[in-house]
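Structure file my_file_22.cif with mmCIF, C-alpha atoms:
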```
data_my_file
loop_
_atom_site.label_atom_id
_atom_site.label_comp_id
_atom_site.auth_asym_id
_atom_site.auth_seq_id
_atom_site.Cartn_x
_atom_site.Cartn_y
_atom_site.Cartn_z
CA MET S 1 0.00 0.00 0.00
CA SER S 2 2.82 2.35 -0.89
CA ASP S 3 1.00 4.38 -3.55
CA ALA S 4 -0.69 7.67 -2.73
CA LEU S 5 -4.18 6.61 -3.79
CA SER S 6 -4.20 3.44 -1.71
CA ARG S 7 -3.04 5.43 1.33
CA LEU S 8 -5.90 7.90 0.92
CA LEU S 9 -8.44 5.12 0.42
CA ALA S 10 -7.23 3.45 3.60
CA ALA S 11 -7.69 6.67 5.55
CA ARG S 12 -11.00 7.90 4.14
CA ASP S 13 -14.50 6.53 3.52
CA TRP S 14 -14.78 8.39 0.20
CA LEU S 15 -12.59 10.49 -2.06
CA MET S 16 -13.69 13.16 -4.49
CA ALA S 17 -12.29 13.14 -8.01
CA ASP S 18 -12.37 16.03 -10.47
CA GLY S 19 -14.81 17.13 -13.17
CA ALA S 20 -14.62 17.72 -16.90
CA THR S 21 -11.44 18.37 -18.83
CA GLY S 22 -12.84 19.24 -22.25
CA THR S 23 -15.70 21.45 -21.07
CA ASN S 24 -13.38 23.52 -18.90
CA LEU S 25 -10.74 23.85 -21.62
CA PHE S 26 -13.32 24.89 -24.22
CA ASN S 27 -14.33 27.64 -21.80
CA MET S 28 -10.67 28.69 -21.70
CA GLY S 29 -10.53 29.01 -25.49
CA LEU S 30 -9.70 25.54 -26.81
CA ALA S 31 -10.95 25.34 -30.39
CA SER S 32 -13.16 22.51 -31.58
CA GLY S 33 -10.96 19.88 -33.22
CA GLU S 34 -7.80 21.10 -31.46
CA ALA S 35 -5.86 18.52 -29.46
CA PRO S 36 -6.07 19.50 -25.76
CA GLU S 37 -2.79 17.66 -25.11
CA LEU S 38 -0.88 20.23 -27.17
CA TRP S 39 -1.78 22.80 -24.53
CA ASN S 40 0.49 20.97 -22.08
CA ALA S 41 3.36 22.51 -24.05
CA ASP S 42 1.73 25.59 -25.58
CA GLN S 43 -0.57 26.82 -22.77
CA PRO S 44 0.88 25.41 -19.52
CA GLU S 45 -0.64 28.15 -17.34
CA LYS S 46 -4.12 27.23 -18.53
CA ILE S 47 -3.51 23.57 -17.70
CA ARG S 48 -2.24 24.54 -14.25
CA ALA S 49 -5.40 26.64 -13.83
CA LEU S 50 -7.53 23.65 -14.83
CA TYR S 51 -5.85 21.46 -12.22
CA ARG S 52 -5.99 24.16 -9.54
CA SER S 53 -9.70 24.70 -10.12
CA ALA S 54 -10.35 21.06 -9.20
CA VAL S 55 -8.11 21.18 -6.14
CA ASP S 56 -9.64 24.46 -4.96
CA ALA S 57 -13.13 22.96 -5.36
CA GLY S 58 -12.18 20.11 -3.03
CA SER S 59 -11.00 17.30 -5.30
CA ASP S 60 -8.72 14.71 -3.71
CA ILE S 61 -7.82 13.33 -7.15
CA PHE S 62 -7.51 15.12 -10.48
CA LEU S 63 -6.86 13.69 -13.92
CA THR S 64 -4.12 14.92 -16.19
CA ASN S 65 -4.77 16.54 -19.57
CA SER S 66 -3.68 13.44 -21.48
CA PHE S 67 -6.91 11.61 -22.36
CA GLY S 68 -6.10 11.51 -26.07
CA GLY S 69 -2.35 11.35 -25.58
CA ASN S 70 -1.71 8.06 -27.38
CA ALA S 71 0.03 7.76 -30.74
CA SER S 72 -3.13 6.86 -32.65
CA ARG S 73 -5.07 9.93 -31.55
CA LEU S 74 -2.11 12.31 -31.69
CA LYS S 75 -1.40 11.17 -35.24
CA LEU S 76 -4.58 13.01 -36.23
CA HIS S 77 -2.70 16.19 -35.27
CA SER S 78 0.70 15.12 -36.67
CA ALA S 79 1.95 14.84 -33.08
CA GLN S 80 2.45 11.07 -32.80
CA THR S 81 6.19 11.55 -32.15
CA ARG S 82 5.42 13.69 -29.08
CA VAL S 83 3.58 11.08 -26.97
CA HIS S 84 6.19 10.85 -24.21
CA GLU S 85 6.78 14.60 -24.08
CA LEU S 86 3.11 15.65 -23.95
CA ASN S 87 2.21 13.06 -21.32
CA ARG S 88 5.27 13.91 -19.25
CA ARG S 89 4.32 17.60 -19.37
CA ALA S 90 0.70 16.81 -18.43
CA ALA S 91 1.81 14.94 -15.32
CA ALA S 92 4.60 17.35 -14.40
CA LEU S 93 2.18 20.31 -14.37
CA GLY S 94 -0.13 18.22 -12.21
CA ARG S 95 2.68 17.34 -9.86
CA GLU S 96 3.41 21.05 -9.35
CA VAL S 97 -0.21 21.80 -8.46
CA ALA S 98 -0.65 18.77 -6.20
CA ASP S 99 2.57 19.41 -4.31
CA ALA S 100 1.48 23.00 -3.64
CA ALA S 101 -2.00 22.00 -2.42
CA GLY S 102 -1.10 21.78 1.27
CA ARG S 103 -2.94 18.45 1.61
CA PRO S 104 -2.64 15.04 -0.05
CA VAL S 105 -3.87 15.23 -3.65
CA VAL S 106 -3.46 12.40 -6.14
CA VAL S 107 -2.27 13.09 -9.69
CA ALA S 108 -4.00 10.53 -11.92
CA GLY S 109 -2.53 10.07 -15.39
CA SER S 110 -5.50 9.98 -17.77
CA ILE S 111 -5.38 7.34 -20.51
CA GLY S 112 -8.33 7.25 -22.89
CA PRO S 113 -9.11 4.78 -25.68
CA THR S 114 -6.98 4.57 -28.79
CA GLY S 115 -9.92 5.37 -31.02
CA ASP S 116 -9.17 2.25 -33.07
CA ILE S 117 -11.13 -1.00 -33.32
CA PHE S 118 -9.62 -4.40 -32.66
CA ALA S 119 -9.11 -6.97 -35.40
CA PRO S 120 -10.84 -8.61 -37.19
CA MET S 121 -13.34 -5.73 -37.33
CA GLY S 122 -10.53 -3.20 -37.34
CA THR S 123 -6.73 -3.00 -37.46
CA LEU S 124 -5.83 -2.78 -33.76
CA THR S 125 -3.98 -5.76 -32.27
CA HIS S 126 -3.21 -6.54 -28.64
CA PRO S 127 0.57 -5.94 -28.99
CA LEU S 128 -0.02 -2.63 -30.75
CA ALA S 129 -2.52 -1.45 -28.11
CA VAL S 130 -0.14 -2.43 -25.31
CA GLU S 131 2.71 -0.58 -27.05
CA MET S 132 0.66 2.62 -27.40
CA PHE S 133 -0.61 2.54 -23.83
CA HIS S 134 2.84 1.70 -22.48
CA GLU S 135 4.42 4.65 -24.28
CA GLN S 136 1.83 6.93 -22.77
CA ALA S 137 2.20 5.38 -19.31
CA GLU S 138 5.96 5.90 -19.32
CA GLY S 139 5.50 9.59 -20.11
CA LEU S 140 2.99 10.03 -17.31
CA LYS S 141 5.27 8.15 -14.92
CA ALA S 142 8.24 10.35 -15.88
CA GLY S 143 6.18 13.47 -15.17
CA GLY S 144 5.30 12.31 -11.66
CA ALA S 145 1.78 10.85 -11.90
CA ASP S 146 0.81 8.89 -8.79
CA VAL S 147 -1.46 6.46 -10.61
CA LEU S 148 -2.60 5.70 -14.16
CA TRP S 149 -6.29 6.35 -14.81
CA VAL S 150 -7.64 4.35 -17.74
CA GLU S 151 -11.07 5.74 -18.67
CA THR S 152 -13.96 5.76 -21.13
CA ILE S 153 -13.07 2.29 -22.40
CA SER S 154 -15.67 0.26 -24.29
CA ALA S 155 -13.89 -2.94 -25.34
CA PRO S 156 -12.61 -5.57 -22.89
CA GLU S 157 -9.60 -6.15 -25.16
CA GLU S 158 -8.57 -2.52 -24.78
CA PHE S 159 -9.04 -2.66 -21.00
CA LYS S 160 -6.76 -5.72 -20.85
CA ALA S 161 -4.14 -4.04 -23.03
CA ALA S 162 -4.10 -0.96 -20.77
CA ALA S 163 -3.74 -3.20 -17.71
CA GLU S 164 -0.73 -4.91 -19.30
CA ALA S 165 0.81 -1.53 -20.12
CA ALA S 166 0.45 -0.43 -16.49
CA LEU S 167 2.23 -3.61 -15.44
CA LEU S 168 5.07 -2.96 -17.89
CA ALA S 169 5.40 0.59 -16.54
CA ASN S 170 5.28 -0.73 -12.96
CA MET S 171 2.51 1.74 -12.12
CA PRO S 172 -0.65 1.34 -10.02
CA TRP S 173 -3.78 2.00 -12.02
CA CYS S 174 -7.54 2.51 -11.99
CA GLY S 175 -9.92 1.71 -14.81
CA THR S 176 -13.39 2.82 -15.86
CA MET S 177 -15.60 1.94 -18.78
CA SER S 178 -18.33 4.09 -20.27
CA PHE S 179 -21.81 2.53 -20.22
CA ASP S 180 -24.32 3.85 -22.69
CA THR S 181 -27.99 3.15 -23.34
CA ALA S 182 -29.28 -0.13 -21.91
CA GLY S 183 -26.47 -0.36 -19.36
CA ARG S 184 -23.78 -1.63 -21.73
CA THR S 185 -20.65 -0.18 -23.26
CA MET S 186 -20.61 0.43 -27.00
CA MET S 187 -18.95 -2.96 -27.38
CA GLY S 188 -21.60 -4.69 -25.27
CA VAL S 189 -19.91 -5.04 -21.85
CA THR S 190 -22.22 -5.05 -18.81
CA SER S 191 -21.43 -3.91 -15.28
CA ALA S 192 -21.28 -7.53 -14.11
CA GLN S 193 -18.87 -8.44 -16.90
CA LEU S 194 -16.51 -5.59 -16.01
CA ALA S 195 -16.64 -6.56 -12.32
CA ALA S 196 -15.65 -10.11 -13.28
CA LEU S 197 -12.99 -8.96 -15.74
CA VAL S 198 -11.04 -6.85 -13.24
CA GLU S 199 -10.70 -9.76 -10.83
CA LYS S 200 -9.22 -12.00 -13.54
CA LEU S 201 -6.44 -9.59 -14.49
CA PRO S 202 -2.90 -10.46 -13.31
CA ASN S 203 -2.59 -6.89 -12.03
CA PRO S 204 -6.11 -5.77 -11.08
CA PRO S 205 -6.75 -2.03 -10.69
CA ILE S 206 -6.80 -0.30 -7.31
CA ALA S 207 -10.35 0.78 -8.14
CA TYR S 208 -12.70 0.39 -11.08
CA GLY S 209 -16.04 1.74 -12.20
CA ALA S 210 -17.88 3.87 -14.72
CA ASN S 211 -17.45 7.31 -16.25
CA CYS S 212 -19.21 9.43 -18.86
CA GLY S 213 -22.10 7.54 -20.50
CA VAL S 214 -25.58 9.03 -20.76
CA GLY S 215 -26.36 10.84 -17.51
CA ALA S 216 -26.10 10.58 -13.75
CA SER S 217 -29.16 8.32 -13.41
CA ASP S 218 -27.90 5.70 -15.84
CA LEU S 219 -24.42 5.79 -14.32
CA MET S 220 -25.87 5.26 -10.84
CA ARG S 221 -27.77 2.21 -12.06
CA THR S 222 -24.46 0.85 -13.35
CA ILE S 223 -22.87 1.47 -9.94
CA LEU S 224 -25.62 -0.65 -8.36
CA GLY S 225 -24.66 -3.35 -10.85
CA PHE S 226 -21.05 -3.30 -9.64
CA VAL S 227 -22.18 -3.51 -6.03
CA ALA S 228 -24.49 -6.43 -6.82
CA ALA S 229 -21.53 -8.29 -8.34
CA GLY S 230 -20.07 -8.50 -4.83
CA SER S 231 -16.57 -7.19 -5.44
CA GLU S 232 -14.90 -5.53 -2.47
CA ARG S 233 -12.62 -3.50 -4.75
CA PRO S 234 -13.24 0.27 -4.48
CA ILE S 235 -15.78 1.51 -7.03
CA ILE S 236 -15.44 4.72 -9.05
CA ALA S 237 -18.45 6.85 -10.09
CA LYS S 238 -17.70 9.69 -12.51
CA GLY S 239 -20.96 10.79 -14.10
CA ASN S 240 -21.79 13.55 -16.54
CA ALA S 241 -23.43 16.73 -15.30
CA GLY S 242 -26.84 15.92 -16.68
CA ILE S 243 -27.72 15.38 -20.34
CA PRO S 244 -26.03 17.30 -23.19
CA LYS S 245 -28.22 19.79 -25.07
CA TYR S 246 -27.22 21.72 -28.18
CA HIS S 247 -27.82 25.42 -27.52
CA ASP S 248 -26.62 28.52 -29.38
CA GLY S 249 -23.94 26.65 -31.26
CA HIS S 250 -22.44 24.74 -28.36
CA ILE S 251 -23.08 21.72 -26.17
CA HIS S 252 -24.53 22.54 -22.76
CA TYR S 253 -25.04 20.05 -19.93
CA ASP S 254 -28.24 20.60 -18.00
CA GLY S 255 -27.10 19.22 -14.64
CA THR S 256 -27.12 21.87 -11.90
CA PRO S 257 -24.75 21.93 -8.92
CA ALA S 258 -27.72 20.85 -6.77
CA LEU S 259 -28.36 17.82 -8.99
CA MET S 260 -24.69 16.82 -8.90
CA ALA S 261 -24.72 17.16 -5.11
CA GLU S 262 -27.63 14.70 -5.02
CA TYR S 263 -25.75 12.38 -7.37
CA ALA S 264 -22.60 12.50 -5.22
CA VAL S 265 -24.50 11.53 -2.05
CA LEU S 266 -26.39 8.77 -3.85
CA ALA S 267 -23.13 7.43 -5.28
CA ARG S 268 -21.56 7.37 -1.82
CA ASP S 269 -24.59 5.69 -0.30
CA ALA S 270 -24.66 3.14 -3.14
CA GLY S 271 -21.11 2.10 -2.26
CA ALA S 272 -18.82 4.15 -4.51
CA ARG S 273 -15.55 5.13 -2.82
CA ILE S 274 -14.29 7.56 -5.48
CA ILE S 275 -16.85 10.09 -6.72
CA GLY S 276 -16.38 12.72 -9.37
CA GLY S 277 -17.92 14.21 -12.48
CA CYS S 278 -17.28 13.86 -16.18
CA CYS S 279 -18.55 15.91 -19.15
CA GLY S 280 -20.07 19.23 -18.18
CA THR S 281 -18.88 19.09 -14.57
CA MET S 282 -17.47 22.48 -13.61
CA PRO S 283 -15.85 23.75 -10.38
CA GLU S 284 -19.21 24.97 -9.08
CA HIS S 285 -20.57 21.43 -9.42
CA LEU S 286 -17.56 20.02 -7.57
CA LYS S 287 -17.94 22.51 -4.71
CA ALA S 288 -21.59 21.51 -4.25
CA MET S 289 -20.65 17.83 -4.39
CA ARG S 290 -17.92 18.25 -1.77
CA ALA S 291 -20.20 20.19 0.55
CA ALA S 292 -22.93 17.55 0.28
CA LEU S 293 -20.54 14.67 0.88
CA GLU S 294 -19.13 16.37 3.97
CA THR S 295 -22.40 17.53 5.54
CA ARG S 296 -25.09 15.04 4.61
CA PRO S 297 -25.23 11.87 6.71
CA ARG S 298 -24.83 8.50 5.08
CA GLY S 299 -28.14 6.92 4.15
CA PRO S 300 -29.32 3.50 3.02
CA ARG S 301 -28.28 2.13 -0.35
CA PRO S 302 -30.56 3.79 -2.92
CA THR S 303 -32.93 1.81 -5.08
CA VAL S 304 -33.47 2.50 -8.77
CA GLU S 305 -36.69 4.25 -7.71
CA ASP S 306 -34.70 6.52 -5.38
CA ILE S 307 -32.26 7.31 -8.17
CA ALA S 308 -35.01 8.18 -10.65
CA ALA S 309 -36.79 10.33 -8.05
CA HIS S 310 -33.67 12.38 -7.27
CA LEU S 311 -31.83 12.46 -10.61
CA GLY S 312 -34.51 11.86 -13.24
CA GLY S 313 -35.51 8.85 -15.28
CA PHE S 314 -33.30 6.41 -17.16
CA SER S 315 -32.56 6.44 -20.88
CA SER S 316 -33.78 2.86 -21.27
CA ALA S 317 -35.72 0.21 -19.38
CA SER S 318 -32.78 -2.20 -19.43
CA ASP S 319 -29.89 -1.92 -16.99
CA GLY S 320 -27.70 -4.40 -18.87
CA THR S 321 -28.00 -7.12 -16.26
CA GLY S 322 -30.67 -9.23 -17.94
CA ASP S 323 -30.50 -11.63 -20.84
CA ASP S 324 -31.11 -8.97 -23.45
CA ASP S 325 -28.38 -8.40 -25.99
CA GLY S 326 -28.79 -4.66 -25.82
CA PRO S 327 -29.27 -2.42 -28.85
CA THR S 328 -26.70 -2.49 -31.57
CA ARG S 329 -24.69 0.71 -31.49
CA GLU S 330 -22.32 2.15 -33.99
CA ARG S 331 -18.85 2.82 -32.55
CA ARG S 332 -18.15 6.51 -32.32
CA GLY S 333 -15.32 8.62 -31.04
CA ARG S 334 -15.62 10.23 -27.66
CA ARG S 335 -13.44 12.62 -25.77
CA ARG S 336 -13.81 12.94 -22.05
CA GLY S 337 -15.73 15.97 -20.93
#
```
Spell out the structure here as structure tokens.
Amino acid sequence: MSDALSRLLAARDWLMADGATGTNLFNMGLASGEAPELWNADQPEKIRALYRSAVDAGSDIFLTNSFGGNASRLKLHSAQTRVHELNRRAAALGREVADAAGRPVVVAGSIGPTGDIFAPMGTLTHPLAVEMFHEQAEGLKAGGADVLWVETISAPEEFKAAAEAALLANMPWCGTMSFDTAGRTMMGVTSAQLAALVEKLPNPPIAYGANCGVGASDLMRTILGFVAAGSERPIIAKGNAGIPKYHDGHIHYDGTPALMAEYAVLARDAGARIIGGCCGTMPEHLKAMRAALETRPRGPRPTVEDIAAHLGGFSSASDGTGDDDGPTRERRGRRRG
């Protein structure tokens, strides 16, 4: 238990993670289609400000600006030769902010999906995925990340490749998948299947769970699925701030700070140990979440009826735990928050 995250988990009932990366950076002037990772070199003060905003709002963990920092995604911006540098910079800026926080704060090195599809449907192979994730992991490690944070994964093959890369880098890690309509990832994984998968890995994550997806209600239903699977491994809940709406030329998330405070308490009471936000989650949401977690007493584990009453209805009748095959969904790119 020598890593910073495990020490905090041993000392605390719950930890608060951060909010959105993309939403906050767009508000700082990031252009649509621009690689956020390039700002680690070109706009370091803005990345420091992003990290500080999470710490100041009460986050115990914040994710680095490296979600799309693998060679496949950076190649879209002719930056595939800069993987190590951009990830190292992302973590090093985080290390500065965390070390100046005056309290223990964990720097989590964000690793998102490659954006490629595994063979035979696509061209991605296990060795190639491991190589890309390992390159990214080594950069984050060199910059001083405490833990690797694999997120928004849909395919079990990609989750396994990221786990192997963490082992090669000799880094502790956490992993979350993104569950869409009908309680499954885009590649069909259910909450129960992810709970089983993590326990079969040779180097299981410190914590696992769900991020992004449809909205807070659906994500909470997935959290109940993890709990029902019976794993004692810490569970991560990182839900979007409501549902995205297109308004005046930009995407707006309709979740208020009050709604996210309700979500945070429900996630804690459901059994999540690490609670944060994803797309649309701003510092004002995080402050409300922190205040609610600190002041509202622990309650009973919520039912799906409780969740719907507090956070709104679900996007589908299925939670992914039945015998249904779930709707067929076209794979699409997604960038965290």
- request: With the file shown as input, list the residues that the PyMOL selection byres ((chain S and resi 3) around 8) selects, as a VMD selection string.
  value: chain S and resid 1 to 2 4 to 7 146 to 147 172
Output the selection as a PDB file, in the coordinates of the input - C-alpha atoms for each residue.
```pdb
ATOM      1  CA  MET S   1       0.000   0.000   0.000  1.00  0.00           C
ATOM      2  CA  SER S   2       2.820   2.350  -0.890  1.00  0.00           C
ATOM      3  CA  ALA S   4      -0.690   7.670  -2.730  1.00  0.00           C
ATOM      4  CA  LEU S   5      -4.180   6.610  -3.790  1.00  0.00           C
ATOM      5  CA  SER S   6      -4.200   3.440  -1.710  1.00  0.00           C
ATOM      6  CA  ARG S   7      -3.040   5.430   1.330  1.00  0.00           C
ATOM      7  CA  ASP S 146       0.810   8.890  -8.790  1.00  0.00           C
ATOM      8  CA  VAL S 147      -1.460   6.460 -10.610  1.00  0.00           C
ATOM      9  CA  PRO S 172      -0.650   1.340 -10.020  1.00  0.00           C
TER      10      PRO S 172
END
```
| task | For the file shown, report as number ranges by chain the outcome of the PyMOL selection byres ((chain S and resi 51-66) around 9) at residue level. | result | S: 5, 8, 15-19, 21-22, 36-37, 39-40, 46-50, 67-70, 86-87, 90-91, 93-94, 97-98, 101, 103-112, 136, 140, 145, 149, 274, 276, 282-291
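Each of S:Val83, S:Ala196, S:Ala270, S:Ile235 was checked against S:Thr176 using all atoms listed in the file; the smallest atom-to-atom distance is that of S:Ile235.
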Residues at most 8 Å from S:Cys212, counting all atoms listed in the file, excluding those fewer than 4 positions away in the same chain, as a PyMOL selection string? chain S and resi 152+178-179+219+238-240+278-279+336-337
As a check of understanding: the span from atom CA of S:Ala166 to atom CA of S:Ala267 is 27.3 Å
Atom CA of S:Arg73 sits from atom CA of S:Gly143 at a separation of 20.2 Å
- [ ] Measuring atom to atom with only C-alpha atoms, identify which of S:Glu151, S:Gly144, S:Met121, S:Leu25 is nearest to S:Arg95.
- [x]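 Closest candidate: S:Gly144.
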query: Need the neighbours of (-26.7, 7.1, 3.4): which residues are at most 10 Å away, counting only C-alpha atoms, as a PyMOL selection string?
result: chain S and resi 265-271+296-302
Using only C-alpha atoms, which residues sit within 9 Å of S:Ile307 once same-chain residues fewer than 2 positions away are excluded, as an mmCIF file with C-alpha atoms, keeping the file's coordinate frame?
```
data_model
loop_
_atom_site.group_PDB
_atom_site.id
_atom_site.type_symbol
_atom_site.label_atom_id
_atom_site.label_comp_id
_atom_site.auth_asym_id
_atom_site.auth_seq_id
_atom_site.Cartn_x
_atom_site.Cartn_y
_atom_site.Cartn_z
ATOM 1 C CA ALA S 216 -26.100 10.580 -13.750
ATOM 2 C CA SER S 217 -29.160 8.320 -13.410
ATOM 3 C CA ASP S 218 -27.900 5.700 -15.840
ATOM 4 C CA MET S 220 -25.870 5.260 -10.840
ATOM 5 C CA ARG S 221 -27.770 2.210 -12.060
ATOM 6 C CA TYR S 263 -25.750 12.380 -7.370
ATOM 7 C CA LEU S 266 -26.390 8.770 -3.850
ATOM 8 C CA PRO S 302 -30.560 3.790 -2.920
ATOM 9 C CA THR S 303 -32.930 1.810 -5.080
ATOM 10 C CA VAL S 304 -33.470 2.500 -8.770
ATOM 11 C CA GLU S 305 -36.690 4.250 -7.710
ATOM 12 C CA ALA S 309 -36.790 10.330 -8.050
ATOM 13 C CA HIS S 310 -33.670 12.380 -7.270
ATOM 14 C CA LEU S 311 -31.830 12.460 -10.610
ATOM 15 C CA GLY S 312 -34.510 11.860 -13.240
ATOM 16 C CA GLY S 313 -35.510 8.850 -15.280
#
```
- atom CA of S:Gly122 to atom CA of S:Ser191: how many Å, to one decimal?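 We find that atom CA of S:Gly122 and atom CA of S:Ser191 lie 24.6 Å from each other.
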Notebook entry, point to check: Using only C-alpha atoms, which residues sit within 8 Å of stretch 127-130 of chain S once same-chain residues fewer than 2 positions away are excluded, as a list in words?
Noted result: Thr114, Leu124, Thr125, Met132, Phe133, His134, Glu158, Ala161, Ala162, Glu164 and Ala165 of chain S
For this session: Return the single residue from S:Ile251, S:Ala35, S:Leu201, S:Cys174 that is closest to S:Pro234, with distances computed using only C-alpha atoms.
Result: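 Looking at the shortest contact to S:Pro234, the residue is S:Cys174.
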Convert the output of the PyMOL selection byres ((chain S and resi 175) around 9) on the shown file into explicit residues, formatted as number ranges by chain.
S: 148-153, 159, 162-163, 173-174, 176-177, 198, 205-210, 236
Export, as a PDB file, in the coordinates of the input, the selected residues with C-alpha atoms.
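Output file again.pdb is given in full below:
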```
ATOM      1  CA  LEU S 148      -2.600   5.700 -14.160  1.00  0.00           C
ATOM      2  CA  TRP S 149      -6.290   6.350 -14.810  1.00  0.00           C
ATOM      3  CA  VAL S 150      -7.640   4.350 -17.740  1.00  0.00           C
ATOM      4  CA  GLU S 151     -11.070   5.740 -18.670  1.00  0.00           C
ATOM      5  CA  THR S 152     -13.960   5.760 -21.130  1.00  0.00           C
ATOM      6  CA  ILE S 153     -13.070   2.290 -22.400  1.00  0.00           C
ATOM      7  CA  PHE S 159      -9.040  -2.660 -21.000  1.00  0.00           C
ATOM      8  CA  ALA S 162      -4.100  -0.960 -20.770  1.00  0.00           C
ATOM      9  CA  ALA S 163      -3.740  -3.200 -17.710  1.00  0.00           C
ATOM     10  CA  TRP S 173      -3.780   2.000 -12.020  1.00  0.00           C
ATOM     11  CA  CYS S 174      -7.540   2.510 -11.990  1.00  0.00           C
ATOM     12  CA  THR S 176     -13.390   2.820 -15.860  1.00  0.00           C
ATOM     13  CA  MET S 177     -15.600   1.940 -18.780  1.00  0.00           C
ATOM     14  CA  VAL S 198     -11.040  -6.850 -13.240  1.00  0.00           C
ATOM     15  CA  PRO S 205      -6.750  -2.030 -10.690  1.00  0.00           C
ATOM     16  CA  ILE S 206      -6.800  -0.300  -7.310  1.00  0.00           C
ATOM     17  CA  ALA S 207     -10.350   0.780  -8.140  1.00  0.00           C
ATOM     18  CA  TYR S 208     -12.700   0.390 -11.080  1.00  0.00           C
ATOM     19  CA  GLY S 209     -16.040   1.740 -12.200  1.00  0.00           C
ATOM     20  CA  ALA S 210     -17.880   3.870 -14.720  1.00  0.00           C
ATOM     21  CA  ILE S 236     -15.440   4.720  -9.050  1.00  0.00           C
TER      22      ILE S 236
END
```
Please enclose the listed atoms of stretch 275-289 of chain S in an axis-aligned box, pad each side by 8 Å, and write out the centre and the three edge lengths in Å, rounded to one decimal, as JSON.
```
{"center_x": -18.7, "center_y": 17.5, "center_z": -11.7, "size_x": 21.7, "size_y": 30.9, "size_z": 30.9}
```
S:Gly242 proximity check over S:Ala100, S:Ala92, S:Met260, S:Leu168, using all atoms listed in the file: winner is S:Met260
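For the choices S:Leu293, S:Ala258, S:Leu74, S:Ala229, the atom-to-atom distance to S:Thr190 is smallest for S:Ala229 when using all atoms listed in the file.
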